[in-house]
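Peer 1: Input coords-v9.cif, format and content: mmCIF, C-alpha atoms; chains and numbers go by the auth columns.
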data_structure
loop_
_atom_site.group_PDB
_atom_site.id
_atom_site.type_symbol
_atom_site.label_atom_id
_atom_site.label_comp_id
_atom_site.label_asym_id
_atom_site.label_seq_id
_atom_site.Cartn_x
_atom_site.Cartn_y
_atom_site.Cartn_z
_atom_site.B_iso_or_equiv
_atom_site.auth_seq_id
_atom_site.auth_asym_id
ATOM 1 C CA MET A 1 0.000 0.000 0.000 0.00 1215 A
ATOM 2 C CA HIS A 2 1.147 3.553 -0.712 0.00 1216 A
ATOM 3 C CA VAL A 3 0.423 5.898 2.210 0.00 1217 A
ATOM 4 C CA LEU A 4 0.658 9.699 2.104 0.00 1218 A
ATOM 5 C CA ILE A 5 0.676 11.480 5.471 0.00 1219 A
ATOM 6 C CA THR A 6 0.386 15.261 5.355 0.00 1220 A
ATOM 7 C CA GLY A 7 1.569 16.785 8.611 0.00 1221 A
ATOM 8 C CA GLY A 8 3.315 13.494 9.262 0.00 1222 A
ATOM 9 C CA ALA A 9 6.181 14.797 11.406 0.00 1223 A
ATOM 10 C CA GLY A 10 3.862 15.383 14.343 0.00 1224 A
ATOM 11 C CA PHE A 11 3.402 12.924 17.192 0.00 1225 A
ATOM 12 C CA ILE A 12 0.459 11.037 15.697 0.00 1226 A
ATOM 13 C CA GLY A 13 1.603 11.282 12.076 0.00 1227 A
ATOM 14 C CA SER A 14 5.066 9.925 12.824 0.00 1228 A
ATOM 15 C CA HIS A 15 3.557 6.976 14.694 0.00 1229 A
ATOM 16 C CA LEU A 16 1.226 6.310 11.754 0.00 1230 A
ATOM 17 C CA ALA A 17 4.255 6.318 9.467 0.00 1231 A
ATOM 18 C CA GLU A 18 6.061 3.890 11.760 0.00 1232 A
ATOM 19 C CA TYR A 19 2.993 1.620 11.875 0.00 1233 A
ATOM 20 C CA HIS A 20 2.623 1.508 8.093 0.00 1234 A
ATOM 21 C CA LEU A 21 6.330 0.855 7.604 0.00 1235 A
ATOM 22 C CA SER A 22 6.027 -2.086 10.023 0.00 1236 A
ATOM 23 C CA ARG A 23 3.377 -3.461 7.630 0.00 1237 A
ATOM 24 C CA ASN A 24 5.819 -3.086 4.709 0.00 1238 A
ATOM 25 C CA ASP A 25 3.818 -0.218 3.199 0.00 1239 A
ATOM 26 C CA ASN A 26 5.452 2.630 1.282 0.00 1240 A
ATOM 27 C CA VAL A 27 5.109 5.870 3.231 0.00 1241 A
ATOM 28 C CA HIS A 28 5.479 9.471 2.047 0.00 1242 A
ATOM 29 C CA VAL A 29 5.383 12.172 4.733 0.00 1243 A
ATOM 30 C CA VAL A 30 4.980 15.854 3.888 0.00 1244 A
ATOM 31 C CA ASP A 31 5.384 18.393 6.687 0.00 1245 A
ATOM 32 C CA ASN A 32 6.560 22.002 6.874 0.00 1246 A
ATOM 33 C CA LEU A 33 7.920 21.354 10.403 0.00 1247 A
ATOM 34 C CA ASN A 34 6.149 24.398 11.864 0.00 1248 A
ATOM 35 C CA THR A 35 4.711 22.258 14.652 0.00 1249 A
ATOM 36 C CA GLY A 36 5.957 18.819 13.642 0.00 1250 A
ATOM 37 C CA SER A 37 9.459 17.753 14.558 0.00 1251 A
ATOM 38 C CA TYR A 38 12.222 16.339 12.394 0.00 1252 A
ATOM 39 C CA ASP A 39 13.240 14.258 15.413 0.00 1253 A
ATOM 40 C CA ASN A 40 9.917 12.383 15.212 0.00 1254 A
ATOM 41 C CA ILE A 41 10.696 11.035 11.741 0.00 1255 A
ATOM 42 C CA LYS A 42 14.495 10.889 11.902 0.00 1256 A
ATOM 43 C CA PRO A 43 14.512 7.169 12.867 0.00 1257 A
ATOM 44 C CA LEU A 44 12.448 6.387 9.747 0.00 1258 A
ATOM 45 C CA LEU A 45 14.774 8.069 7.250 0.00 1259 A
ATOM 46 C CA GLY A 46 16.963 4.990 6.763 0.00 1260 A
ATOM 47 C CA ASN A 47 14.001 2.896 5.616 0.00 1261 A
ATOM 48 C CA ALA A 48 13.948 2.536 1.815 0.00 1262 A
ATOM 49 C CA SER A 49 10.125 2.550 1.898 0.00 1263 A
ATOM 50 C CA PHE A 50 10.022 5.976 3.559 0.00 1264 A
ATOM 51 C CA ARG A 51 10.161 9.365 1.867 0.00 1265 A
ATOM 52 C CA PHE A 52 10.046 12.798 3.498 0.00 1266 A
ATOM 53 C CA ASP A 53 9.434 16.181 1.894 0.00 1267 A
ATOM 54 C CA GLU A 54 9.726 19.320 3.985 0.00 1268 A
ATOM 55 C CA ALA A 55 7.011 21.416 2.378 0.00 1269 A
ATOM 56 C CA ASP A 56 3.896 23.447 3.085 0.00 1270 A
ATOM 57 C CA ILE A 57 0.869 21.532 1.826 0.00 1271 A
ATOM 58 C CA VAL A 58 -0.833 24.794 0.800 0.00 1272 A
ATOM 59 C CA THR A 59 1.871 25.671 -1.757 0.00 1273 A
ATOM 60 C CA TRP A 60 3.728 22.399 -2.406 0.00 1274 A
ATOM 61 C CA ALA A 61 4.112 21.727 -6.139 0.00 1275 A
ATOM 62 C CA GLY A 62 4.408 17.956 -5.622 0.00 1276 A
ATOM 63 C CA LEU A 63 0.942 17.471 -4.154 0.00 1277 A
ATOM 64 C CA ASP A 64 -0.834 16.234 -7.300 0.00 1278 A
ATOM 65 C CA LYS A 65 1.809 13.595 -7.960 0.00 1279 A
ATOM 66 C CA ALA A 66 1.813 12.427 -4.321 0.00 1280 A
ATOM 67 C CA VAL A 67 -1.992 12.187 -4.214 0.00 1281 A
ATOM 68 C CA GLY A 68 -1.990 10.196 -7.463 0.00 1282 A
ATOM 69 C CA TRP A 69 0.580 7.802 -5.995 0.00 1283 A
ATOM 70 C CA ALA A 70 -1.334 7.186 -2.755 0.00 1284 A
ATOM 71 C CA ASP A 71 -3.778 4.412 -1.934 0.00 1285 A
ATOM 72 C CA ARG A 72 -4.511 6.053 1.414 0.00 1286 A
ATOM 73 C CA ILE A 73 -4.074 9.639 2.589 0.00 1287 A
ATOM 74 C CA TYR A 74 -3.994 10.743 6.196 0.00 1288 A
ATOM 75 C CA HIS A 75 -4.522 14.500 6.041 0.00 1289 A
ATOM 76 C CA MET A 76 -3.142 15.830 9.310 0.00 1290 A
ATOM 77 C CA ALA A 77 -1.434 18.994 8.080 0.00 1291 A
ATOM 78 C CA ALA A 78 -2.845 21.914 10.028 0.00 1292 A
ATOM 79 C CA VAL A 79 -1.859 24.906 12.083 0.00 1293 A
ATOM 80 C CA VAL A 80 -2.441 23.749 15.648 0.00 1294 A
ATOM 81 C CA GLY A 81 -2.287 25.230 19.097 0.00 1295 A
ATOM 82 C CA VAL A 82 -4.763 27.347 20.980 0.00 1296 A
ATOM 83 C CA LYS A 83 -2.300 30.260 21.243 0.00 1297 A
ATOM 84 C CA LYS A 84 -1.930 30.451 17.458 0.00 1298 A
ATOM 85 C CA VAL A 85 -5.670 30.183 16.947 0.00 1299 A
ATOM 86 C CA LEU A 86 -6.395 32.944 19.437 0.00 1300 A
ATOM 87 C CA ALA A 87 -3.653 35.189 18.048 0.00 1301 A
ATOM 88 C CA ASP A 88 -4.758 34.959 14.403 0.00 1302 A
ATOM 89 C CA PRO A 89 -7.897 32.822 13.978 0.00 1303 A
ATOM 90 C CA VAL A 90 -8.689 33.927 10.430 0.00 1304 A
ATOM 91 C CA SER A 91 -5.225 33.088 9.120 0.00 1305 A
ATOM 92 C CA VAL A 92 -5.169 29.749 10.940 0.00 1306 A
ATOM 93 C CA MET A 93 -8.529 28.665 9.564 0.00 1307 A
ATOM 94 C CA ALA A 94 -7.691 29.907 6.061 0.00 1308 A
ATOM 95 C CA THR A 95 -4.496 27.856 6.084 0.00 1309 A
ATOM 96 C CA ASN A 96 -6.198 24.746 7.462 0.00 1310 A
ATOM 97 C CA ILE A 97 -9.066 24.928 5.002 0.00 1311 A
ATOM 98 C CA ALA A 98 -6.742 25.644 2.056 0.00 1312 A
ATOM 99 C CA GLY A 99 -4.605 22.590 2.833 0.00 1313 A
ATOM 100 C CA CYS A 100 -7.611 20.303 3.051 0.00 1314 A
ATOM 101 C CA GLU A 101 -9.116 21.809 -0.085 0.00 1315 A
ATOM 102 C CA ARG A 102 -5.884 21.284 -2.045 0.00 1316 A
ATOM 103 C CA VAL A 103 -5.789 17.598 -1.129 0.00 1317 A
ATOM 104 C CA MET A 104 -9.434 17.063 -2.094 0.00 1318 A
ATOM 105 C CA ARG A 105 -9.097 19.066 -5.335 0.00 1319 A
ATOM 106 C CA ALA A 106 -6.026 17.056 -6.331 0.00 1320 A
ATOM 107 C CA MET A 107 -8.024 13.862 -5.817 0.00 1321 A
ATOM 108 C CA HIS A 108 -10.987 15.161 -7.806 0.00 1322 A
ATOM 109 C CA GLN A 109 -9.091 16.800 -10.668 0.00 1323 A
ATOM 110 C CA GLY A 110 -6.758 13.847 -11.077 0.00 1324 A
ATOM 111 C CA GLY A 111 -9.620 11.356 -11.002 0.00 1325 A
ATOM 112 C CA TRP A 112 -7.898 9.532 -8.167 0.00 1326 A
ATOM 113 C CA ASN A 113 -9.804 7.785 -5.426 0.00 1327 A
ATOM 114 C CA PRO A 114 -7.492 7.007 -2.510 0.00 1328 A
ATOM 115 C CA GLN A 115 -9.000 6.468 0.907 0.00 1329 A
ATOM 116 C CA LEU A 116 -8.916 9.886 2.620 0.00 1330 A
ATOM 117 C CA ILE A 117 -8.783 10.195 6.390 0.00 1331 A
ATOM 118 C CA VAL A 118 -8.961 13.758 7.723 0.00 1332 A
ATOM 119 C CA ALA A 119 -7.766 14.343 11.274 0.00 1333 A
ATOM 120 C CA SER A 120 -9.669 16.536 13.674 0.00 1334 A
ATOM 121 C CA SER A 121 -8.806 17.711 17.173 0.00 1335 A
ATOM 122 C CA SER A 122 -9.827 16.831 20.702 0.00 1336 A
ATOM 123 C CA GLU A 123 -10.826 20.498 21.004 0.00 1337 A
ATOM 124 C CA VAL A 124 -14.248 19.604 19.562 0.00 1338 A
ATOM 125 C CA TYR A 125 -15.048 17.759 22.802 0.00 1339 A
ATOM 126 C CA GLY A 126 -14.373 20.754 25.025 0.00 1340 A
ATOM 127 C CA PHE A 127 -14.015 20.069 28.730 0.00 1341 A
ATOM 128 C CA ASN A 128 -14.495 16.369 29.375 0.00 1342 A
ATOM 129 C CA GLU A 129 -14.543 14.871 32.853 0.00 1343 A
ATOM 130 C CA ASN A 130 -13.692 11.427 31.472 0.00 1344 A
ATOM 131 C CA ALA A 131 -10.098 10.325 31.224 0.00 1345 A
ATOM 132 C CA GLY A 132 -9.600 10.115 27.465 0.00 1346 A
ATOM 133 C CA PHE A 133 -11.977 10.666 24.574 0.00 1347 A
ATOM 134 C CA ALA A 134 -14.123 8.458 22.386 0.00 1348 A
ATOM 135 C CA GLU A 135 -15.831 9.275 19.097 0.00 1349 A
ATOM 136 C CA THR A 136 -19.130 8.538 20.841 0.00 1350 A
ATOM 137 C CA ASP A 137 -18.564 11.312 23.420 0.00 1351 A
ATOM 138 C CA ALA A 138 -20.776 14.351 23.060 0.00 1352 A
ATOM 139 C CA VAL A 139 -19.274 17.359 21.345 0.00 1353 A
ATOM 140 C CA VAL A 140 -19.776 20.791 22.841 0.00 1354 A
ATOM 141 C CA PHE A 141 -22.166 22.577 20.477 0.00 1355 A
ATOM 142 C CA HIS A 142 -22.870 25.564 22.680 0.00 1356 A
ATOM 143 C CA SER A 143 -19.336 26.255 23.686 0.00 1357 A
ATOM 144 C CA GLY A 144 -17.948 29.768 23.711 0.00 1358 A
ATOM 145 C CA SER A 145 -15.006 28.589 21.646 0.00 1359 A
ATOM 146 C CA ARG A 146 -15.112 29.751 18.037 0.00 1360 A
ATOM 147 C CA TYR A 147 -12.179 27.458 17.384 0.00 1361 A
ATOM 148 C CA ARG A 148 -14.255 24.451 18.438 0.00 1362 A
ATOM 149 C CA GLN A 149 -17.144 25.586 16.235 0.00 1363 A
ATOM 150 C CA ARG A 150 -14.855 25.979 13.219 0.00 1364 A
ATOM 151 C CA LEU A 151 -13.356 22.534 13.784 0.00 1365 A
ATOM 152 C CA ARG A 152 -16.827 20.981 13.743 0.00 1366 A
ATOM 153 C CA HIS A 153 -17.661 22.872 10.532 0.00 1367 A
ATOM 154 C CA HIS A 154 -14.417 21.751 8.873 0.00 1368 A
ATOM 155 C CA SER A 155 -15.110 18.154 9.906 0.00 1369 A
ATOM 156 C CA ALA A 156 -18.666 18.286 8.535 0.00 1370 A
ATOM 157 C CA VAL A 157 -17.483 19.679 5.193 0.00 1371 A
ATOM 158 C CA THR A 158 -14.951 16.879 4.675 0.00 1372 A
ATOM 159 C CA ARG A 159 -17.573 14.214 5.423 0.00 1373 A
ATOM 160 C CA SER A 160 -19.953 15.507 2.749 0.00 1374 A
#
How would this structure read if it were set down as structure tokens?
Peer 2:
Amino acid sequence: MHVLITGGAGFIGSHLAEYHLSRNDNVHVVDNLNTGSYDNIKPLLGNASFRFDEADIVTWAGLDKAVGWADRIYHMAAVVGVKKVLADPVSVMATNIAGCERVMRAMHQGGWNPQLIVASSSEVYGFNENAGFAETDAVVFHSGSRYRQRLRHHSAVTRS
């Protein structure tokens, strides 16, 4: 299987890459390293089935080719962190939406049909008294957090 992981140098993305390599899959990680870490993927660099491109998914010229190559895409590339969101929410959301849109447009325009998995954030659950989260937990619809509301909107758009 050919696996493309956008934002793959983060904690979760790097572990996904490691998992797929353990299954003898070919893995291509694209990350601009703004919040991801080179150290997370450094141990994978010696694997012949692993490729890394340091690039911003919003402007990366290689996206169409990578999407066409992939059987599965984990789209995890996003500006994250409450401080960044609060400091410049419009820019953060524009960047996150543009990255997701580019991946989906590349799939559509190229006629490719890889499995697409779009990551969300635990922020959609708000304050949760339970230790850990489950997809069946209630989301906070009447929260004061605009960030949480935008995440839910983004998630709904990608499901449609």
Peer 1: For the point (5.0, 21.6, 8.4) in file coordinates, what residues are within 9 Å, counting only C-alpha atoms? Give the answer as a JSON list (two decimals) with C-alpha atoms, keeping the file's coordinate frame?
Peer 2:
[["chain", "number", "residue", "atom", "x", "y", "z"],
["A", 1220, "THR", "CA", 0.39, 15.26, 5.36],
["A", 1221, "GLY", "CA", 1.57, 16.78, 8.61],
["A", 1222, "GLY", "CA", 3.32, 13.49, 9.26],
["A", 1223, "ALA", "CA", 6.18, 14.80, 11.41],
["A", 1224, "GLY", "CA", 3.86, 15.38, 14.34],
["A", 1244, "VAL", "CA", 4.98, 15.85, 3.89],
["A", 1245, "ASP", "CA", 5.38, 18.39, 6.69],
["A", 1246, "ASN", "CA", 6.56, 22.00, 6.87],
["A", 1247, "LEU", "CA", 7.92, 21.35, 10.40],
["A", 1248, "ASN", "CA", 6.15, 24.40, 11.86],
["A", 1249, "THR", "CA", 4.71, 22.26, 14.65],
["A", 1250, "GLY", "CA", 5.96, 18.82, 13.64],
["A", 1251, "SER", "CA", 9.46, 17.75, 14.56],
["A", 1268, "GLU", "CA", 9.73, 19.32, 3.98],
["A", 1269, "ALA", "CA", 7.01, 21.42, 2.38],
["A", 1270, "ASP", "CA", 3.90, 23.45, 3.08],
["A", 1271, "ILE", "CA", 0.87, 21.53, 1.83],
["A", 1291, "ALA", "CA", -1.43, 18.99, 8.08],
["A", 1292, "ALA", "CA", -2.84, 21.91, 10.03],
["A", 1293, "VAL", "CA", -1.86, 24.91, 12.08]]
Peer 1: Take every atom of region 1276-1280 of chain A listed in the file, fit an axis-aligned box around them, add 3 Å per side, and give the centre and edge lengths in Å to one decimal as AutoDock Vina command-line options.
Peer 2:
--center_x 1.8 --center_y 15.2 --center_z -6.1 --size_x 11.2 --size_y 11.5 --size_z 9.8
Peer 1: Would you work out the distance separating CA of His1322 (chain A) from CA of Leu1277 (chain A), expressed in Å to one decimal?
Peer 2: 12.7 Å
Peer 1: Once the PyMOL selection byres ((chain A and resi 1284) around 8) has been evaluated on this model, what residues remain selected, and can you format them as a ChimeraX atom specification?
Peer 2: /A:1215-1218,1280-1283,1285-1287,1328
Peer 1: Keeping C-alpha atoms, export the residues of the selection given above as a tab-separated table (two decimals), in the coordinates of the input.
Peer 2:
chain	number	residue	atom	x	y	z
A	1215	MET	CA	0.00	0.00	0.00
A	1216	HIS	CA	1.15	3.55	-0.71
A	1217	VAL	CA	0.42	5.90	2.21
A	1218	LEU	CA	0.66	9.70	2.10
A	1280	ALA	CA	1.81	12.43	-4.32
A	1281	VAL	CA	-1.99	12.19	-4.21
A	1282	GLY	CA	-1.99	10.20	-7.46
A	1283	TRP	CA	0.58	7.80	-6.00
A	1285	ASP	CA	-3.78	4.41	-1.93
A	1286	ARG	CA	-4.51	6.05	1.41
A	1287	ILE	CA	-4.07	9.64	2.59
A	1328	PRO	CA	-7.49	7.01	-2.51
Peer 1: Would you work out the distance separating CA of Gly1276 (chain A) from CA of Asn1261 (chain A), expressed in Å to one decimal?
Peer 2: 21.1 Å
Peer 1: What's the separation between CA of Arg1265 (chain A) and CA of His1242 (chain A), in Å to one decimal place?
Peer 2: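 Interatomic distance, CA of Arg1265 (chain A) to CA of His1242 (chain A): 4.7 Å.
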Peer 1: Given the file above and the PyMOL selection byres ((chain A and resi 1234) around 12), which residues are selected, and can you give them as an NGL selection string?
Peer 2: :A and (1215-1219 or 1227-1233 or 1235-1243 or 1258 or 1261 or 1263-1264 or 1286-1288)
Peer 1: Tell me which residues the PyMOL selection byres ((chain A and resi 1318) around 12) grabs here, as a PDB file with C-alpha atoms, in the frame of the given file.
Peer 2:
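In the end it all went to part.pdb:
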ATOM      1  CA  ILE A1271       0.869  21.532   1.826  1.00  0.00           C
ATOM      2  CA  VAL A1272      -0.833  24.794   0.800  1.00  0.00           C
ATOM      3  CA  LEU A1277       0.942  17.471  -4.154  1.00  0.00           C
ATOM      4  CA  ASP A1278      -0.834  16.234  -7.300  1.00  0.00           C
ATOM      5  CA  VAL A1281      -1.992  12.187  -4.214  1.00  0.00           C
ATOM      6  CA  GLY A1282      -1.990  10.196  -7.463  1.00  0.00           C
ATOM      7  CA  ILE A1287      -4.074   9.639   2.589  1.00  0.00           C
ATOM      8  CA  TYR A1288      -3.994  10.743   6.196  1.00  0.00           C
ATOM      9  CA  HIS A1289      -4.522  14.500   6.041  1.00  0.00           C
ATOM     10  CA  ILE A1311      -9.066  24.928   5.002  1.00  0.00           C
ATOM     11  CA  ALA A1312      -6.742  25.644   2.056  1.00  0.00           C
ATOM     12  CA  GLY A1313      -4.605  22.590   2.833  1.00  0.00           C
ATOM     13  CA  CYS A1314      -7.611  20.303   3.051  1.00  0.00           C
ATOM     14  CA  GLU A1315      -9.116  21.809  -0.085  1.00  0.00           C
ATOM     15  CA  ARG A1316      -5.884  21.284  -2.045  1.00  0.00           C
ATOM     16  CA  VAL A1317      -5.789  17.598  -1.129  1.00  0.00           C
ATOM     17  CA  ARG A1319      -9.097  19.066  -5.335  1.00  0.00           C
ATOM     18  CA  ALA A1320      -6.026  17.056  -6.331  1.00  0.00           C
ATOM     19  CA  MET A1321      -8.024  13.862  -5.817  1.00  0.00           C
ATOM     20  CA  HIS A1322     -10.987  15.161  -7.806  1.00  0.00           C
ATOM     21  CA  GLN A1323      -9.091  16.800 -10.668  1.00  0.00           C
ATOM     22  CA  GLY A1324      -6.758  13.847 -11.077  1.00  0.00           C
ATOM     23  CA  GLY A1325      -9.620  11.356 -11.002  1.00  0.00           C
ATOM     24  CA  TRP A1326      -7.898   9.532  -8.167  1.00  0.00           C
ATOM     25  CA  ASN A1327      -9.804   7.785  -5.426  1.00  0.00           C
ATOM     26  CA  PRO A1328      -7.492   7.007  -2.510  1.00  0.00           C
ATOM     27  CA  GLN A1329      -9.000   6.468   0.907  1.00  0.00           C
ATOM     28  CA  LEU A1330      -8.916   9.886   2.620  1.00  0.00           C
ATOM     29  CA  ILE A1331      -8.783  10.195   6.390  1.00  0.00           C
ATOM     30  CA  VAL A1332      -8.961  13.758   7.723  1.00  0.00           C
ATOM     31  CA  VAL A1371     -17.483  19.679   5.193  1.00  0.00           C
ATOM     32  CA  THR A1372     -14.951  16.879   4.675  1.00  0.00           C
ATOM     33  CA  ARG A1373     -17.573  14.214   5.423  1.00  0.00           C
ATOM     34  CA  SER A1374     -19.953  15.507   2.749  1.00  0.00           C
TER      35      SER A1374
END
Peer 1: With distances taken over all atoms listed in the file, which residue among A:Thr1273, A:Ser1305, A:Thr1350, A:Asn1254 lies nearest Ile1226 (chain A)?
Peer 2: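 Closest to Ile1226 (chain A) of all the choices is A:Asn1254.
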Peer 1: From the list A:Asp1302, A:Tyr1252, A:Lys1279, A:Val1294, which residue is nearest Phe1266 (chain A) when using all atoms listed in the file?
Peer 2: A:Tyr1252
